[in-house]
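Asker: The structure that follows is given in the form of structure tokens.
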Amino acid sequence: MARKRLIIEMGMGVDQHGQEPTVAAARAVRNAIAHNALPGVWEVAGLTHPNDMIVEVQVGVPYPDQVRQEEVLAVLPFGHKSLTVELGGMVVQGRAIAELEDKNDEMLIAVASVTVWVDI
């Protein structure tokens, strides 16, 4: 079998309050997959179940060592999932609000790429 890319989607996610890189990363992945359908998985590639696809995620986020990878991958409903987290995204100065339990003024921005592969 040969592994072929079916689709690549990009997304962006922000944690404005809480300073959680996991939240920003998960939102970026959710944004990347939010508006697509993959009928080609069945109609072109011939897969019989969506768990047969291979889903590779790459996320660039501030403080990558703090990302809880299993929470980010949980955003994906199907597939053989893998995640690479690297330093990236942005830190933007916002405004800390005590009632929202902010640790500081930082807003964290993450970017994600989600690639779906199929073996055909």
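Ordering of the structure tokens sets the chain letters (A, B, ...), residue numbers begin anew at 1 in every chain, and ligands are numbered from 1 in the order given.
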What's around stretch 65-73 of chain A at 10 Å? Count only C-alpha atoms, leave out sequence neighbours fewer than 5 positions away in its own chain, and write the answer as a short mmCIF file (atom, residue, chain, number, x, y, z; two decimals) with N, CA and C atoms, in the first residue's frame.

Answerer:
```cif
data_model
loop_
_atom_site.label_atom_id
_atom_site.label_comp_id
_atom_site.auth_asym_id
_atom_site.auth_seq_id
_atom_site.Cartn_x
_atom_site.Cartn_y
_atom_site.Cartn_z
N GLU A 20 -3.30 29.09 29.05
CA GLU A 20 -3.14 27.65 28.89
C GLU A 20 -2.79 27.32 27.44
N PRO A 21 -1.55 26.93 27.16
CA PRO A 21 -1.21 26.59 25.79
C PRO A 21 -2.00 25.39 25.26
N THR A 22 -2.43 24.50 26.14
CA THR A 22 -3.26 23.37 25.70
C THR A 22 -4.58 23.85 25.15
N VAL A 23 -5.18 24.83 25.79
CA VAL A 23 -6.46 25.37 25.33
C VAL A 23 -6.29 26.01 23.96
N ALA A 24 -5.26 26.81 23.78
CA ALA A 24 -5.01 27.46 22.49
C ALA A 24 -4.75 26.41 21.41
N ALA A 25 -3.97 25.39 21.72
CA ALA A 25 -3.64 24.35 20.75
C ALA A 25 -4.89 23.56 20.36
N ALA A 26 -5.70 23.17 21.33
CA ALA A 26 -6.93 22.41 21.04
C ALA A 26 -7.88 23.25 20.19
N ARG A 27 -7.98 24.53 20.47
CA ARG A 27 -8.85 25.40 19.68
C ARG A 27 -8.33 25.53 18.25
N ALA A 28 -7.02 25.56 18.07
CA ALA A 28 -6.45 25.64 16.72
C ALA A 28 -6.78 24.38 15.92
N VAL A 29 -6.68 23.22 16.55
CA VAL A 29 -7.01 21.97 15.87
C VAL A 29 -8.51 21.92 15.56
N ARG A 30 -9.33 22.31 16.52
CA ARG A 30 -10.78 22.33 16.29
C ARG A 30 -11.13 23.27 15.14
N VAL A 55 -4.18 10.59 10.85
CA VAL A 55 -4.32 12.02 11.07
C VAL A 55 -3.08 12.53 11.81
N GLU A 56 -2.31 13.36 11.12
CA GLU A 56 -1.10 13.93 11.71
C GLU A 56 -1.34 15.40 11.99
N VAL A 57 -1.08 15.81 13.22
CA VAL A 57 -1.30 17.18 13.65
C VAL A 57 0.03 17.81 14.01
N VAL A 59 1.35 21.48 15.70
CA VAL A 59 0.91 22.70 16.37
C VAL A 59 2.12 23.52 16.77
N PHE A 78 -11.79 10.87 14.89
CA PHE A 78 -11.44 9.58 14.29
C PHE A 78 -9.98 9.56 13.86
N LYS A 81 -4.09 8.84 15.28
CA LYS A 81 -3.71 10.22 15.53
C LYS A 81 -2.27 10.34 16.04
N SER A 82 -1.60 11.39 15.57
CA SER A 82 -0.29 11.73 16.12
C SER A 82 -0.19 13.25 16.20
N LEU A 83 0.64 13.73 17.12
CA LEU A 83 0.77 15.16 17.36
C LEU A 83 2.23 15.54 17.53
N THR A 84 2.62 16.59 16.83
CA THR A 84 3.92 17.21 17.03
C THR A 84 3.67 18.62 17.52
N VAL A 85 4.25 18.97 18.65
CA VAL A 85 4.09 20.31 19.23
C VAL A 85 5.45 20.98 19.20
N GLU A 86 5.46 22.23 18.71
CA GLU A 86 6.71 22.96 18.64
C GLU A 86 6.49 24.41 19.05
N LEU A 87 7.57 25.07 19.35
CA LEU A 87 7.52 26.48 19.72
C LEU A 87 7.04 27.30 18.54
#
```

Asker: Excluding A:Leu100 and any residue of its chain fewer than 3 positions from it, enumerate the residues within 12 Å of it, using only C-alpha atoms, and give them as JSON, numbers by chain.

Answerer: {"A": [15, 16, 17, 18, 19, 95, 96, 97, 103, 104, 105]}

Asker: Could you write those residues out with N, CA and C atoms, as a short mmCIF file (atom, residue, chain, number, x, y, z; two decimals), in the first residue's frame?

Answerer:
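Final output, saved to out_4.cif:
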```
data_model
loop_
_atom_site.label_atom_id
_atom_site.label_comp_id
_atom_site.auth_asym_id
_atom_site.auth_seq_id
_atom_site.Cartn_x
_atom_site.Cartn_y
_atom_site.Cartn_z
N ASP A 15 -6.15 31.41 23.56
CA ASP A 15 -6.60 31.41 24.94
C ASP A 15 -6.38 32.82 25.46
N GLN A 16 -7.48 33.60 25.54
CA GLN A 16 -7.38 34.99 25.97
C GLN A 16 -7.21 35.12 27.47
N HIS A 17 -7.77 34.17 28.19
CA HIS A 17 -7.71 34.23 29.66
C HIS A 17 -7.38 32.84 30.18
N GLY A 18 -6.43 32.76 31.06
CA GLY A 18 -6.06 31.49 31.65
C GLY A 18 -4.64 31.08 31.31
N GLN A 19 -4.11 31.58 30.20
CA GLN A 19 -2.73 31.33 29.81
C GLN A 19 -2.42 29.83 29.73
N ARG A 95 -5.19 41.87 28.88
CA ARG A 95 -5.47 42.47 30.18
C ARG A 95 -5.90 41.37 31.14
N ALA A 96 -5.18 41.23 32.23
CA ALA A 96 -5.52 40.22 33.24
C ALA A 96 -6.79 40.65 33.97
N ILE A 97 -7.69 39.68 34.16
CA ILE A 97 -8.93 39.91 34.88
C ILE A 97 -8.99 38.89 36.01
N LYS A 103 -3.40 34.53 35.14
CA LYS A 103 -2.11 34.52 35.83
C LYS A 103 -1.31 35.76 35.50
N ASN A 104 -1.57 36.32 34.30
CA ASN A 104 -0.85 37.51 33.82
C ASN A 104 -1.64 38.10 32.66
N ASP A 105 -1.03 39.05 31.94
CA ASP A 105 -1.70 39.73 30.83
C ASP A 105 -1.58 39.00 29.50
#
```

Asker: Which residues are close to A:Val44, i.e. within 12 Å by only C-alpha atoms, leaving aside same-chain residues fewer than 3 positions away? Reply as a ChimeraX atom specification.

Answerer: /A:4,6,38-41,47-48,118-120

Asker: What would the file look like if the residues just selected were written as a PDB file, in the first residue's frame with N, CA and C atoms?

Answerer:
```pdb
ATOM      1  N   LYS A   4      -0.985   8.184   0.946  1.00  0.00           N
ATOM      2  CA  LYS A   4      -1.273   9.381   0.152  1.00  0.00           C
ATOM      3  C   LYS A   4      -1.986  10.412   1.012  1.00  0.00           C
ATOM      4  N   LEU A   6      -4.653  13.137   1.684  1.00  0.00           N
ATOM      5  CA  LEU A   6      -5.984  13.434   1.185  1.00  0.00           C
ATOM      6  C   LEU A   6      -6.319  14.909   1.370  1.00  0.00           C
ATOM      7  N   LEU A  38     -15.181  14.841   4.636  1.00  0.00           N
ATOM      8  CA  LEU A  38     -14.207  14.020   3.921  1.00  0.00           C
ATOM      9  C   LEU A  38     -14.863  12.851   3.196  1.00  0.00           C
ATOM     10  N   PRO A  39     -15.777  13.124   2.265  1.00  0.00           N
ATOM     11  CA  PRO A  39     -16.380  12.008   1.548  1.00  0.00           C
ATOM     12  C   PRO A  39     -15.363  11.244   0.708  1.00  0.00           C
ATOM     13  N   GLY A  40     -14.257  11.870   0.358  1.00  0.00           N
ATOM     14  CA  GLY A  40     -13.222  11.194  -0.408  1.00  0.00           C
ATOM     15  C   GLY A  40     -12.600  10.020   0.334  1.00  0.00           C
ATOM     16  N   VAL A  41     -12.707  10.030   1.657  1.00  0.00           N
ATOM     17  CA  VAL A  41     -12.186   8.906   2.445  1.00  0.00           C
ATOM     18  C   VAL A  41     -12.877   7.613   2.005  1.00  0.00           C
ATOM     19  N   LEU A  47     -11.888   3.662   2.018  1.00  0.00           N
ATOM     20  CA  LEU A  47     -11.850   3.212   3.409  1.00  0.00           C
ATOM     21  C   LEU A  47     -13.252   2.806   3.853  1.00  0.00           C
ATOM     22  N   THR A  48     -13.313   1.872   4.774  1.00  0.00           N
ATOM     23  CA  THR A  48     -14.615   1.414   5.255  1.00  0.00           C
ATOM     24  C   THR A  48     -14.987   2.032   6.595  1.00  0.00           C
ATOM     25  N   VAL A 118      -4.198   8.502   3.774  1.00  0.00           N
ATOM     26  CA  VAL A 118      -4.858   7.215   3.605  1.00  0.00           C
ATOM     27  C   VAL A 118      -3.866   6.251   2.958  1.00  0.00           C
ATOM     28  N   ASP A 119      -3.980   4.991   3.312  1.00  0.00           N
ATOM     29  CA  ASP A 119      -3.212   3.946   2.650  1.00  0.00           C
ATOM     30  C   ASP A 119      -4.075   3.369   1.545  1.00  0.00           C
ATOM     31  N   ILE A 120      -3.603   3.504   0.293  1.00  0.00           N
ATOM     32  CA  ILE A 120      -4.376   2.964  -0.830  1.00  0.00           C
ATOM     33  C   ILE A 120      -3.479   2.109  -1.696  1.00  0.00           C
TER      34      ILE A 120
END
```

Asker: Run DSSP on the backbone of this structure and report the residues of stretch 16-115 of chain A it assigns to helix (DSSP H, G or I), as a PyMOL selection string.

Answerer: chain A and resi 21-33+40-43+50-52+64-66+69-73+98-100

Asker: Please save N, CA and C atoms of the selected residues as a PDB file, in the first residue's frame.

Answerer:
```pdb
ATOM      1  N   PRO A  21      -1.554  26.935  27.160  1.00  0.00           N
ATOM      2  CA  PRO A  21      -1.206  26.585  25.789  1.00  0.00           C
ATOM      3  C   PRO A  21      -2.003  25.390  25.262  1.00  0.00           C
ATOM      4  N   THR A  22      -2.434  24.500  26.136  1.00  0.00           N
ATOM      5  CA  THR A  22      -3.255  23.367  25.703  1.00  0.00           C
ATOM      6  C   THR A  22      -4.583  23.851  25.150  1.00  0.00           C
ATOM      7  N   VAL A  23      -5.184  24.825  25.791  1.00  0.00           N
ATOM      8  CA  VAL A  23      -6.463  25.366  25.326  1.00  0.00           C
ATOM      9  C   VAL A  23      -6.295  26.012  23.955  1.00  0.00           C
ATOM     10  N   ALA A  24      -5.257  26.813  23.782  1.00  0.00           N
ATOM     11  CA  ALA A  24      -5.009  27.460  22.490  1.00  0.00           C
ATOM     12  C   ALA A  24      -4.749  26.415  21.407  1.00  0.00           C
ATOM     13  N   ALA A  25      -3.966  25.395  21.722  1.00  0.00           N
ATOM     14  CA  ALA A  25      -3.643  24.346  20.748  1.00  0.00           C
ATOM     15  C   ALA A  25      -4.892  23.555  20.360  1.00  0.00           C
ATOM     16  N   ALA A  26      -5.699  23.171  21.325  1.00  0.00           N
ATOM     17  CA  ALA A  26      -6.925  22.414  21.038  1.00  0.00           C
ATOM     18  C   ALA A  26      -7.885  23.246  20.194  1.00  0.00           C
ATOM     19  N   ARG A  27      -7.977  24.531  20.475  1.00  0.00           N
ATOM     20  CA  ARG A  27      -8.847  25.404  19.681  1.00  0.00           C
ATOM     21  C   ARG A  27      -8.330  25.531  18.248  1.00  0.00           C
ATOM     22  N   ALA A  28      -7.023  25.560  18.068  1.00  0.00           N
ATOM     23  CA  ALA A  28      -6.452  25.636  16.719  1.00  0.00           C
ATOM     24  C   ALA A  28      -6.780  24.376  15.923  1.00  0.00           C
ATOM     25  N   VAL A  29      -6.684  23.220  16.552  1.00  0.00           N
ATOM     26  CA  VAL A  29      -7.011  21.967  15.872  1.00  0.00           C
ATOM     27  C   VAL A  29      -8.507  21.916  15.564  1.00  0.00           C
ATOM     28  N   ARG A  30      -9.329  22.310  16.517  1.00  0.00           N
ATOM     29  CA  ARG A  30     -10.777  22.326  16.292  1.00  0.00           C
ATOM     30  C   ARG A  30     -11.126  23.272  15.141  1.00  0.00           C
ATOM     31  N   ASN A  31     -10.467  24.425  15.085  1.00  0.00           N
ATOM     32  CA  ASN A  31     -10.690  25.374  14.005  1.00  0.00           C
ATOM     33  C   ASN A  31     -10.297  24.776  12.659  1.00  0.00           C
ATOM     34  N   ALA A  32      -9.214  24.013  12.636  1.00  0.00           N
ATOM     35  CA  ALA A  32      -8.741  23.416  11.387  1.00  0.00           C
ATOM     36  C   ALA A  32      -9.727  22.396  10.831  1.00  0.00           C
ATOM     37  N   ILE A  33     -10.421  21.683  11.676  1.00  0.00           N
ATOM     38  CA  ILE A  33     -11.324  20.624  11.201  1.00  0.00           C
ATOM     39  C   ILE A  33     -12.790  21.027  11.217  1.00  0.00           C
ATOM     40  N   GLY A  40     -14.257  11.870   0.358  1.00  0.00           N
ATOM     41  CA  GLY A  40     -13.222  11.194  -0.408  1.00  0.00           C
ATOM     42  C   GLY A  40     -12.600  10.020   0.334  1.00  0.00           C
ATOM     43  N   VAL A  41     -12.707  10.030   1.657  1.00  0.00           N
ATOM     44  CA  VAL A  41     -12.186   8.906   2.445  1.00  0.00           C
ATOM     45  C   VAL A  41     -12.877   7.613   2.005  1.00  0.00           C
ATOM     46  N   TRP A  42     -14.178   7.701   1.738  1.00  0.00           N
ATOM     47  CA  TRP A  42     -14.923   6.517   1.301  1.00  0.00           C
ATOM     48  C   TRP A  42     -14.990   6.424  -0.220  1.00  0.00           C
ATOM     49  N   GLU A  43     -15.357   7.541  -0.855  1.00  0.00           N
ATOM     50  CA  GLU A  43     -15.666   7.528  -2.273  1.00  0.00           C
ATOM     51  C   GLU A  43     -14.425   7.417  -3.166  1.00  0.00           C
ATOM     52  N   PRO A  50     -13.843   5.590   9.308  1.00  0.00           N
ATOM     53  CA  PRO A  50     -12.984   6.767   9.450  1.00  0.00           C
ATOM     54  C   PRO A  50     -11.777   6.551  10.370  1.00  0.00           C
ATOM     55  N   ASN A  51     -11.826   5.532  11.208  1.00  0.00           N
ATOM     56  CA  ASN A  51     -10.653   5.255  12.033  1.00  0.00           C
ATOM     57  C   ASN A  51      -9.488   4.685  11.225  1.00  0.00           C
ATOM     58  N   ASP A  52      -9.736   4.328   9.964  1.00  0.00           N
ATOM     59  CA  ASP A  52      -8.666   3.821   9.112  1.00  0.00           C
ATOM     60  C   ASP A  52      -7.778   4.924   8.552  1.00  0.00           C
ATOM     61  N   PRO A  64       5.421  25.208  24.457  1.00  0.00           N
ATOM     62  CA  PRO A  64       5.001  23.884  23.972  1.00  0.00           C
ATOM     63  C   PRO A  64       5.188  22.767  24.989  1.00  0.00           C
ATOM     64  N   ASP A  65       6.138  22.915  25.892  1.00  0.00           N
ATOM     65  CA  ASP A  65       6.377  21.878  26.902  1.00  0.00           C
ATOM     66  C   ASP A  65       5.230  21.758  27.902  1.00  0.00           C
ATOM     67  N   GLN A  66       4.322  22.738  27.930  1.00  0.00           N
ATOM     68  CA  GLN A  66       3.186  22.707  28.849  1.00  0.00           C
ATOM     69  C   GLN A  66       1.928  22.108  28.220  1.00  0.00           C
ATOM     70  N   GLN A  69      -0.810  16.774  25.509  1.00  0.00           N
ATOM     71  CA  GLN A  69      -1.052  16.283  24.155  1.00  0.00           C
ATOM     72  C   GLN A  69      -2.331  15.478  24.018  1.00  0.00           C
ATOM     73  N   GLU A  70      -2.661  14.666  25.008  1.00  0.00           N
ATOM     74  CA  GLU A  70      -3.864  13.837  24.901  1.00  0.00           C
ATOM     75  C   GLU A  70      -5.125  14.683  24.798  1.00  0.00           C
ATOM     76  N   GLU A  71      -5.128  15.869  25.430  1.00  0.00           N
ATOM     77  CA  GLU A  71      -6.288  16.763  25.343  1.00  0.00           C
ATOM     78  C   GLU A  71      -6.423  17.375  23.955  1.00  0.00           C
ATOM     79  N   VAL A  72      -5.313  17.664  23.329  1.00  0.00           N
ATOM     80  CA  VAL A  72      -5.344  18.213  21.973  1.00  0.00           C
ATOM     81  C   VAL A  72      -5.826  17.148  20.999  1.00  0.00           C
ATOM     82  N   LEU A  73      -5.290  15.941  21.100  1.00  0.00           N
ATOM     83  CA  LEU A  73      -5.696  14.863  20.200  1.00  0.00           C
ATOM     84  C   LEU A  73      -7.151  14.453  20.406  1.00  0.00           C
ATOM     85  N   ALA A  98      -8.956  39.373  37.215  1.00  0.00           N
ATOM     86  CA  ALA A  98      -8.881  38.501  38.388  1.00  0.00           C
ATOM     87  C   ALA A  98     -10.031  37.498  38.433  1.00  0.00           C
ATOM     88  N   GLU A  99     -11.244  37.931  38.091  1.00  0.00           N
ATOM     89  CA  GLU A  99     -12.415  37.047  38.137  1.00  0.00           C
ATOM     90  C   GLU A  99     -12.306  35.883  37.147  1.00  0.00           C
ATOM     91  N   LEU A 100     -11.445  36.015  36.135  1.00  0.00           N
ATOM     92  CA  LEU A 100     -11.239  34.944  35.166  1.00  0.00           C
ATOM     93  C   LEU A 100     -10.005  34.117  35.490  1.00  0.00           C
TER      94      LEU A 100
END
```

Asker: From a backbone DSSP assignment, name each residue in stretch 33-117 of chain A labelled strand (DSSP E), as a PyMOL selection string.

Answerer: chain A and resi 54-61+80-87+90-93+106-117

Asker: Would you write out those residues with C-alpha atoms, as a CSV table (one decimal), in the first residue's frame?

Answerer:
```
chain,number,residue,atom,x,y,z
A,54,ILE,CA,-4.1,8.6,9.5
A,55,VAL,CA,-4.3,12.0,11.1
A,56,GLU,CA,-1.1,13.9,11.7
A,57,VAL,CA,-1.3,17.2,13.6
A,58,GLN,CA,1.4,19.8,13.9
A,59,VAL,CA,0.9,22.7,16.4
A,60,GLY,CA,3.0,25.8,17.0
A,61,VAL,CA,2.3,27.3,20.3
A,80,HIS,CA,-4.8,7.0,13.9
A,81,LYS,CA,-3.7,10.2,15.5
A,82,SER,CA,-0.3,11.7,16.1
A,83,LEU,CA,0.8,15.2,17.4
A,84,THR,CA,3.9,17.2,17.0
A,85,VAL,CA,4.1,20.3,19.2
A,86,GLU,CA,6.7,23.0,18.6
A,87,LEU,CA,7.5,26.5,19.7
A,90,MET,CA,2.3,34.3,19.5
A,91,VAL,CA,2.1,35.9,22.9
A,92,VAL,CA,0.0,39.0,22.8
A,93,GLN,CA,-0.4,41.4,25.8
A,106,GLU,CA,-0.7,37.2,28.2
A,107,MET,CA,-3.0,35.9,25.5
A,108,LEU,CA,-1.7,32.8,23.8
A,109,ILE,CA,-2.2,32.1,20.1
A,110,ALA,CA,-1.6,28.7,18.5
A,111,VAL,CA,-1.5,27.6,14.9
A,112,ALA,CA,-2.2,24.1,13.7
A,113,SER,CA,-2.0,22.0,10.6
A,114,VAL,CA,-4.0,18.8,10.3
A,115,THR,CA,-3.1,16.3,7.6
A,116,VAL,CA,-5.2,13.3,6.7
A,117,TRP,CA,-3.4,10.4,5.0
```

Asker: Restricting the calculation to only C-alpha atoms: of A:Gly79, A:His35, A:Pro62, A:Met1, which residue gets closest to A:His49?

Answerer: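 That would be A:Gly79, the residue with the smallest distance to A:His49.
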